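Shown next, in C-alpha cells, is the structure this report addresses.
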Amino acid sequence: MEIFDTHAHYDDSSFDDDRSILLGKTLPEAGVVGVISAGTTVESSRFNASLAQKYDYVYFAAGIQPEETEKTGDGYLEEIAEIIKSSDKAVAVGEIGLDYHWKIDKPTQKRFFEEQLILANELNKPVIIHDREAHADTLELVKKYKPHGTLHCFSGSAETAMEFVRLGLYIGFTGAVTFKNNKKAPKVIEVVPIDRILVETDCPYMAPEPLRGRRSDSTMIEHTLAFIARIKGVTTEEMAHITAENARRLFNLN
Ligand SMILES: [Zn+2]
C-alpha cells in the first residue's frame with residue numbers, strides 16, 4: 001500500500017524515544033511513501049525542516065498554528081519565509097488558521113492567518129489550514145486570498161466542505177472520521193470528489209478506530225483509508241493510491 005500522510009507532527013516530544021527508528025525503518029517498511037510534518041511555531045518548523053533534510057520521503061510545512069499566535073513575537077514572518085526559502089523540501093505554509101475552541105484572542109489569530117496567507121501567495125506555496133469551530137471566518141479569508149491548499153482534519157459539514165472544494169481546496173481527513181460518535185464525517189466523505197481527498201494522521205493525535213487513544217503514526221492511516229474507501233466504493237489500495245496522487249498534485253511533487 002502507498003501511504004501519503006499529508007499532516008503529521010514528528011517534531012512532537014512523544015516521538016523523542018523512537019523517532020529515528022520510526023522514520024528510518026518502521027514507516028518506509030509499512031509503505032509510507034510521503035509524510036508532511038507540519039510546523040506549529042518557528043522552532044517546530046525548523047525542527048521539521050531538519051527531519052525533511054534527513055529522510056527522502058519526508059517533507060515539511062512551516063507556519064504558526066492559531067494556538068501559538070499569542071506567544072509568538074514580531075519578526076516571525078521573516079523567519080518562516082527564510083525557513084521555506086532555504087529548503088527544497090518545504091511544500092507549504094502551515095499549519096495556519098483559526099481555532100475558536102480555545103480562548104485565544106480572535107483579532108490576533110486573524111492577523112497571523114492573514115499575514116501567512118499573503119506569504120503563501122508571495123512564495124507561491126499551498127497552505128495547510130487548521131479550522132476548528134471557525135468555519136465562517138475561515139471561509140471568508142479563503143475567499144479573500146484565494147490560496148491553494150487543504151483544510152486539514154476537516155470537522156465541518158458537507159455543505160462547508162463543498163464551499164471549500166468549489167474554491168479549489170482539498171479536504172484532509174484524519175482518524176477522527178472513524179470515531180463512532182462522528183456523525184458528520186461519512187456525509188462529508190460522500191460528497192467530496194475523490195480527487196480532492198487527502199489522508200493524514202495529525203499524529204501523535206487522532207489515532208483511528210480500533211486504535212483510538214493510542215499515540216498515532218502514519219502506519220495507522222490504513223484504517224482511515226479503509227473507512228473512506230468503503231464509502232467511496234473502492235478498495236483500500238485504490239484509495240491509498242488516489243490520495244497519494246492527490247497529495248503529489250497539490251504539493252507539486254511530480
Ligand atoms: Zn496539526
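Ordered as shown in the C-alpha cells, chains take letters A, B, and onward, while each chain numbers its residues from 1 and ligands are numbered from 1 in the order shown.
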Worksheet item: Neighbours of ligand 1 within 7 Å, counting only C-alpha atoms and all ligand atoms, as a ChimeraX atom specification?
Response: /A:7-9,38,95,202
Write the selection just made, keeping N, CA, C and O atoms, as a CSV table (one decimal), in the first residue's frame?
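Now in result06.csv:
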```csv
chain,number,residue,atom,x,y,z
A,7,HIS,N,-0.3,15.3,6.9
A,7,HIS,CA,-0.2,16.1,8.1
A,7,HIS,C,0.2,15.3,9.3
A,7,HIS,O,-0.6,14.6,9.9
A,8,ALA,N,1.4,15.6,9.7
A,8,ALA,CA,1.9,14.9,10.9
A,8,ALA,C,2.8,15.9,11.7
A,8,ALA,O,3.1,16.9,11.2
A,9,HIS,N,3.0,15.5,13.0
A,9,HIS,CA,3.9,16.3,13.8
A,9,HIS,C,5.0,15.5,14.4
A,9,HIS,O,5.0,15.1,15.6
A,38,ALA,N,4.2,19.1,9.8
A,38,ALA,CA,3.7,20.5,9.8
A,38,ALA,C,4.2,21.2,11.0
A,38,ALA,O,4.2,20.7,12.2
A,95,GLU,N,1.1,24.7,9.9
A,95,GLU,CA,-0.4,24.9,9.8
A,95,GLU,C,-0.8,26.2,10.3
A,95,GLU,O,-0.2,26.7,11.3
A,202,ASP,N,-2.3,13.7,11.7
A,202,ASP,CA,-2.2,14.7,12.7
A,202,ASP,C,-1.6,14.1,14.0
A,202,ASP,O,-1.8,14.4,15.1
```
Item to complete: Write out as a ChimeraX atom specification all residues of stretch 47-215 of chain A that backbone DSSP assigns to strand (DSSP E or B).
Response: /A:58-62,90-99,127-132,149-152,170-173,197-199,203
Output C-alpha atoms for every residue in the selection just made, as a PDB file, in the first residue's frame.
```
ATOM      1  CA  VAL A  58       9.635  13.427   4.496  1.00  0.00           C
ATOM      2  CA  TYR A  59       8.589  16.961   3.532  1.00  0.00           C
ATOM      3  CA  PHE A  60       7.600  19.813   5.786  1.00  0.00           C
ATOM      4  CA  ALA A  61       5.391  22.870   6.143  1.00  0.00           C
ATOM      5  CA  ALA A  62       6.368  25.961   8.126  1.00  0.00           C
ATOM      6  CA  ALA A  90       9.335  22.896   2.057  1.00  0.00           C
ATOM      7  CA  VAL A  91       5.976  22.168   0.407  1.00  0.00           C
ATOM      8  CA  ALA A  92       3.538  24.511   2.164  1.00  0.00           C
ATOM      9  CA  VAL A  93       2.853  27.283   4.653  1.00  0.00           C
ATOM     10  CA  GLY A  94       1.207  25.601   7.633  1.00  0.00           C
ATOM     11  CA  GLU A  95      -0.354  24.859   9.761  1.00  0.00           C
ATOM     12  CA  ILE A  96      -2.159  28.183   9.884  1.00  0.00           C
ATOM     13  CA  GLY A  97      -5.766  29.151  10.504  1.00  0.00           C
ATOM     14  CA  LEU A  98      -8.352  29.850  13.180  1.00  0.00           C
ATOM     15  CA  ASP A  99      -9.278  27.967  16.340  1.00  0.00           C
ATOM     16  CA  VAL A 127      -1.412  26.357   2.654  1.00  0.00           C
ATOM     17  CA  ILE A 128      -2.396  23.793   5.275  1.00  0.00           C
ATOM     18  CA  ILE A 129      -5.369  25.255   7.112  1.00  0.00           C
ATOM     19  CA  HIS A 130      -6.464  24.481  10.669  1.00  0.00           C
ATOM     20  CA  ASP A 131     -10.132  25.427  11.110  1.00  0.00           C
ATOM     21  CA  ARG A 132     -11.727  24.491  14.415  1.00  0.00           C
ATOM     22  CA  GLY A 149      -4.237  24.193  -0.189  1.00  0.00           C
ATOM     23  CA  THR A 150      -6.076  21.892   2.141  1.00  0.00           C
ATOM     24  CA  LEU A 151      -8.462  22.064   5.095  1.00  0.00           C
ATOM     25  CA  HIS A 152      -6.653  19.708   7.445  1.00  0.00           C
ATOM     26  CA  TYR A 170      -8.617  19.841  -0.851  1.00  0.00           C
ATOM     27  CA  ILE A 171     -10.127  18.228   2.248  1.00  0.00           C
ATOM     28  CA  GLY A 172      -7.891  16.343   4.699  1.00  0.00           C
ATOM     29  CA  PHE A 173      -9.296  13.505   6.815  1.00  0.00           C
ATOM     30  CA  ILE A 197      -9.431  13.912  -0.671  1.00  0.00           C
ATOM     31  CA  LEU A 198      -6.219  13.740   1.378  1.00  0.00           C
ATOM     32  CA  VAL A 199      -5.489  11.451   4.334  1.00  0.00           C
ATOM     33  CA  CYS A 203      -0.031  12.397  14.821  1.00  0.00           C
TER      34      CYS A 203
END
```
Worksheet item: Using only C-alpha atoms, which of A:Arg248, A:Lys146, A:Lys110, A:Arg215 sits nearest A:Asn124?
Response: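 Closest residue, counting only C-alpha atoms: A:Lys146.
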Worksheet, complete the sentence: Shortest contact to A:Ala30, candidates A:Thr72, A:Ser218, A:Thr138, A:Thr108, atoms counted only C-alpha atoms, goes to A:Ser218
Worksheet item: Counting only C-alpha atoms, what is within 9 Å of A:Gln109, bar same-chain residues fewer than 4 positions away, as a list of chain:residue names?
Response: A:Gln65, A:Pro66, A:Glu67, A:Glu68, A:Thr69, A:Glu70, A:Gly97, A:Leu98, A:Asp99, A:Ile104, A:Asp105, A:Phe113, A:Glu114
For N, CA and C atoms, I'd like the residues from the last selection saved as a CSV table (one decimal), in the first residue's frame.
```
chain,number,residue,atom,x,y,z
A,65,GLN,N,0.7,28.0,14.1
A,65,GLN,CA,-0.6,27.5,14.4
A,65,GLN,C,-1.4,28.5,15.2
A,66,PRO,N,-2.7,28.6,15.1
A,66,PRO,CA,-3.5,29.6,15.8
A,66,PRO,C,-3.3,29.5,17.3
A,67,GLU,N,-3.2,28.3,17.9
A,67,GLU,CA,-3.0,28.2,19.4
A,67,GLU,C,-1.7,28.9,19.9
A,68,GLU,N,-0.7,29.0,18.9
A,68,GLU,CA,0.6,29.6,19.3
A,68,GLU,C,0.7,31.0,19.0
A,69,THR,N,-0.3,31.7,18.5
A,69,THR,CA,-0.1,33.0,18.0
A,69,THR,C,0.1,34.1,19.1
A,70,GLU,N,-0.6,33.9,20.2
A,70,GLU,CA,-0.4,34.9,21.3
A,70,GLU,C,1.0,34.9,21.9
A,97,GLY,N,-4.3,29.2,10.5
A,97,GLY,CA,-5.8,29.2,10.5
A,97,GLY,C,-6.4,29.8,11.7
A,98,LEU,N,-7.6,29.3,12.1
A,98,LEU,CA,-8.4,29.9,13.2
A,98,LEU,C,-8.9,28.7,14.1
A,99,ASP,N,-8.8,29.0,15.4
A,99,ASP,CA,-9.3,28.0,16.3
A,99,ASP,C,-10.1,28.7,17.4
A,104,ILE,N,-8.4,31.9,22.6
A,104,ILE,CA,-7.3,32.6,22.1
A,104,ILE,C,-7.8,33.9,21.4
A,105,ASP,N,-7.1,35.0,21.6
A,105,ASP,CA,-7.6,36.3,21.1
A,105,ASP,C,-7.9,36.2,19.6
A,113,PHE,N,-3.2,34.6,10.6
A,113,PHE,CA,-3.7,33.9,9.4
A,113,PHE,C,-3.6,34.7,8.2
A,114,GLU,N,-4.0,35.9,8.2
A,114,GLU,CA,-3.9,36.8,7.0
A,114,GLU,C,-2.5,37.0,6.6
```
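In this structure, atom CA of A:Thr41 sits 12.4 Å away from atom CA of A:Gly75.
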Response to the item:
Between atom CA of A:Pro186 and atom CA of A:Phe227 lies a distance of 8.9 Å
Practice prompt. Write out as a PyMOL selection string all residues of stretch 20-133 of chain A that DSSP puts in alpha helix (DSSP H) for this structure's backbone.
Written response: chain A and resi 20-21+27-29+42-54+76-85+106-123
Fill in: Nearest residue to A:Leu27 from the set A:Tyr76, A:Asp217, A:Pro107, A:Tyr100 (distances using only C-alpha atoms)
A:Asp217
Using only C-alpha atoms, determine which residues lie at most 7 Å from A:Asp5, disregarding the query and same-chain residues fewer than 5 positions distant; provide the list as a PDB file with N, CA and C atoms, in the first residue's frame.
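New file part09.pdb:
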```pdb
ATOM      1  N   GLY A  34       5.217   9.097   1.608  1.00  0.00           N
ATOM      2  CA  GLY A  34       5.308  10.540   1.785  1.00  0.00           C
ATOM      3  C   GLY A  34       4.741  10.953   3.128  1.00  0.00           C
ATOM      4  N   VAL A  35       5.396  11.924   3.757  1.00  0.00           N
ATOM      5  CA  VAL A  35       4.913  12.500   5.009  1.00  0.00           C
ATOM      6  C   VAL A  35       5.159  14.001   4.936  1.00  0.00           C
ATOM      7  N   ILE A  36       4.177  14.788   5.355  1.00  0.00           N
ATOM      8  CA  ILE A  36       4.419  16.221   5.532  1.00  0.00           C
ATOM      9  C   ILE A  36       4.338  16.503   7.023  1.00  0.00           C
ATOM     10  N   VAL A 199      -5.449  12.112   3.028  1.00  0.00           N
ATOM     11  CA  VAL A 199      -5.489  11.451   4.334  1.00  0.00           C
ATOM     12  C   VAL A 199      -4.278  11.889   5.149  1.00  0.00           C
ATOM     13  N   GLU A 200      -4.489  11.901   6.451  1.00  0.00           N
ATOM     14  CA  GLU A 200      -3.459  12.397   7.363  1.00  0.00           C
ATOM     15  C   GLU A 200      -3.634  11.769   8.740  1.00  0.00           C
ATOM     16  N   THR A 201      -2.582  11.844   9.537  1.00  0.00           N
ATOM     17  CA  THR A 201      -2.694  11.360  10.921  1.00  0.00           C
ATOM     18  C   THR A 201      -2.973  12.484  11.898  1.00  0.00           C
ATOM     19  N   SER A 218       1.989   7.278  11.071  1.00  0.00           N
ATOM     20  CA  SER A 218       1.494   7.175   9.693  1.00  0.00           C
ATOM     21  C   SER A 218       1.082   5.765   9.269  1.00  0.00           C
TER      22      SER A 218
END
```
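Nearest residue to A:Trp102, choosing from A:Glu82, A:Gly24, A:Lys125, A:Glu133 and counting only C-alpha atoms: A:Glu133.
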Worksheet item: Quick one: residues within 10 Å of A:Lys232, only C-alpha atoms counted, chain neighbours fewer than 5 positions away excluded, as a PyMOL selection string?
Response: chain A and resi 186+189-194+226-227+239
If you keep N, CA and C atoms, can you produce a file of those selected residues as a PDB file, in the first residue's frame?
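Generated file (part-v9.pdb):
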```
ATOM      1  N   PRO A 186     -19.106  10.715   7.595  1.00  0.00           N
ATOM      2  CA  PRO A 186     -19.498   9.916   6.426  1.00  0.00           C
ATOM      3  C   PRO A 186     -20.198  10.744   5.347  1.00  0.00           C
ATOM      4  N   ILE A 189     -17.489  12.777   3.504  1.00  0.00           N
ATOM      5  CA  ILE A 189     -16.720  11.902   2.613  1.00  0.00           C
ATOM      6  C   ILE A 189     -17.534  11.567   1.357  1.00  0.00           C
ATOM      7  N   GLU A 190     -18.820  11.354   1.554  1.00  0.00           N
ATOM      8  CA  GLU A 190     -19.696  11.023   0.435  1.00  0.00           C
ATOM      9  C   GLU A 190     -19.699  12.105  -0.650  1.00  0.00           C
ATOM     10  N   VAL A 191     -19.732  13.377  -0.237  1.00  0.00           N
ATOM     11  CA  VAL A 191     -19.894  14.445  -1.230  1.00  0.00           C
ATOM     12  C   VAL A 191     -18.587  14.995  -1.808  1.00  0.00           C
ATOM     13  N   VAL A 192     -17.492  14.887  -1.060  1.00  0.00           N
ATOM     14  CA  VAL A 192     -16.230  15.455  -1.564  1.00  0.00           C
ATOM     15  C   VAL A 192     -15.710  14.583  -2.708  1.00  0.00           C
ATOM     16  N   PRO A 193     -15.414  15.205  -3.884  1.00  0.00           N
ATOM     17  CA  PRO A 193     -14.910  14.415  -5.010  1.00  0.00           C
ATOM     18  C   PRO A 193     -13.639  13.656  -4.624  1.00  0.00           C
ATOM     19  N   ILE A 194     -13.502  12.450  -5.131  1.00  0.00           N
ATOM     20  CA  ILE A 194     -12.399  11.570  -4.717  1.00  0.00           C
ATOM     21  C   ILE A 194     -11.032  12.170  -5.043  1.00  0.00           C
ATOM     22  N   ALA A 226      -9.316   2.675   4.817  1.00  0.00           N
ATOM     23  CA  ALA A 226     -10.325   1.619   4.664  1.00  0.00           C
ATOM     24  C   ALA A 226     -11.730   2.182   4.878  1.00  0.00           C
ATOM     25  N   PHE A 227     -11.860   3.064   5.872  1.00  0.00           N
ATOM     26  CA  PHE A 227     -13.154   3.683   6.195  1.00  0.00           C
ATOM     27  C   PHE A 227     -13.640   4.538   5.021  1.00  0.00           C
ATOM     28  N   MET A 239      -7.767   3.569  -2.824  1.00  0.00           N
ATOM     29  CA  MET A 239      -7.913   4.831  -2.088  1.00  0.00           C
ATOM     30  C   MET A 239      -6.543   5.366  -1.689  1.00  0.00           C
TER      31      MET A 239
END
```
Practice prompt. For A:Ser14, please output as a PyMOL selection string all residues within 9 Å (counting only C-alpha atoms; exclusion window: fewer than 4 positions along the same chain).
Written response: chain A and resi 10+18-19+204+215
Could those residues be written to a file, using N, CA and C atoms, as a PDB file, in the first residue's frame?
```pdb
ATOM      1  N   TYR A  10       5.939  15.057  13.563  1.00  0.00           N
ATOM      2  CA  TYR A  10       7.011  14.185  14.053  1.00  0.00           C
ATOM      3  C   TYR A  10       8.045  14.935  14.885  1.00  0.00           C
ATOM      4  N   ASP A  18      11.725   7.211  19.992  1.00  0.00           N
ATOM      5  CA  ASP A  18      11.821   6.253  18.874  1.00  0.00           C
ATOM      6  C   ASP A  18      11.686   6.913  17.506  1.00  0.00           C
ATOM      7  N   ARG A  19      11.916   8.233  17.433  1.00  0.00           N
ATOM      8  CA  ARG A  19      11.733   8.955  16.174  1.00  0.00           C
ATOM      9  C   ARG A  19      12.591   8.380  15.040  1.00  0.00           C
ATOM     10  N   PRO A 204       0.912  13.184  16.941  1.00  0.00           N
ATOM     11  CA  PRO A 204       0.576  11.976  17.713  1.00  0.00           C
ATOM     12  C   PRO A 204      -0.909  11.844  18.098  1.00  0.00           C
ATOM     13  N   ARG A 215      -0.975   6.682  20.827  1.00  0.00           N
ATOM     14  CA  ARG A 215      -0.179   7.631  20.059  1.00  0.00           C
ATOM     15  C   ARG A 215      -0.253   7.183  18.607  1.00  0.00           C
TER      16      ARG A 215
END
```
Worksheet entry | Pick from A:Met220, A:Ile242, A:Val188, A:Ile231, whichever lies nearest to A:Val32 using only C-alpha atoms |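 Closest to A:Val32, using only C-alpha atoms: A:Met220.
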Discussion item. I'd like the interatomic distance between atom CA of A:Asp11 and atom CA of A:Leu23, to a tenth of an Å.
Written reply: 11.3 Å
Practice prompt. Compare A:Tyr55, A:Tyr145, A:Tyr205, A:Phe179 by their minimum atom-to-atom distance to A:Leu119, counting only C-alpha atoms, and give me the closest one.
Written response: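 Once distances to A:Leu119 are computed over only C-alpha atoms, the minimum belongs to A:Tyr145.
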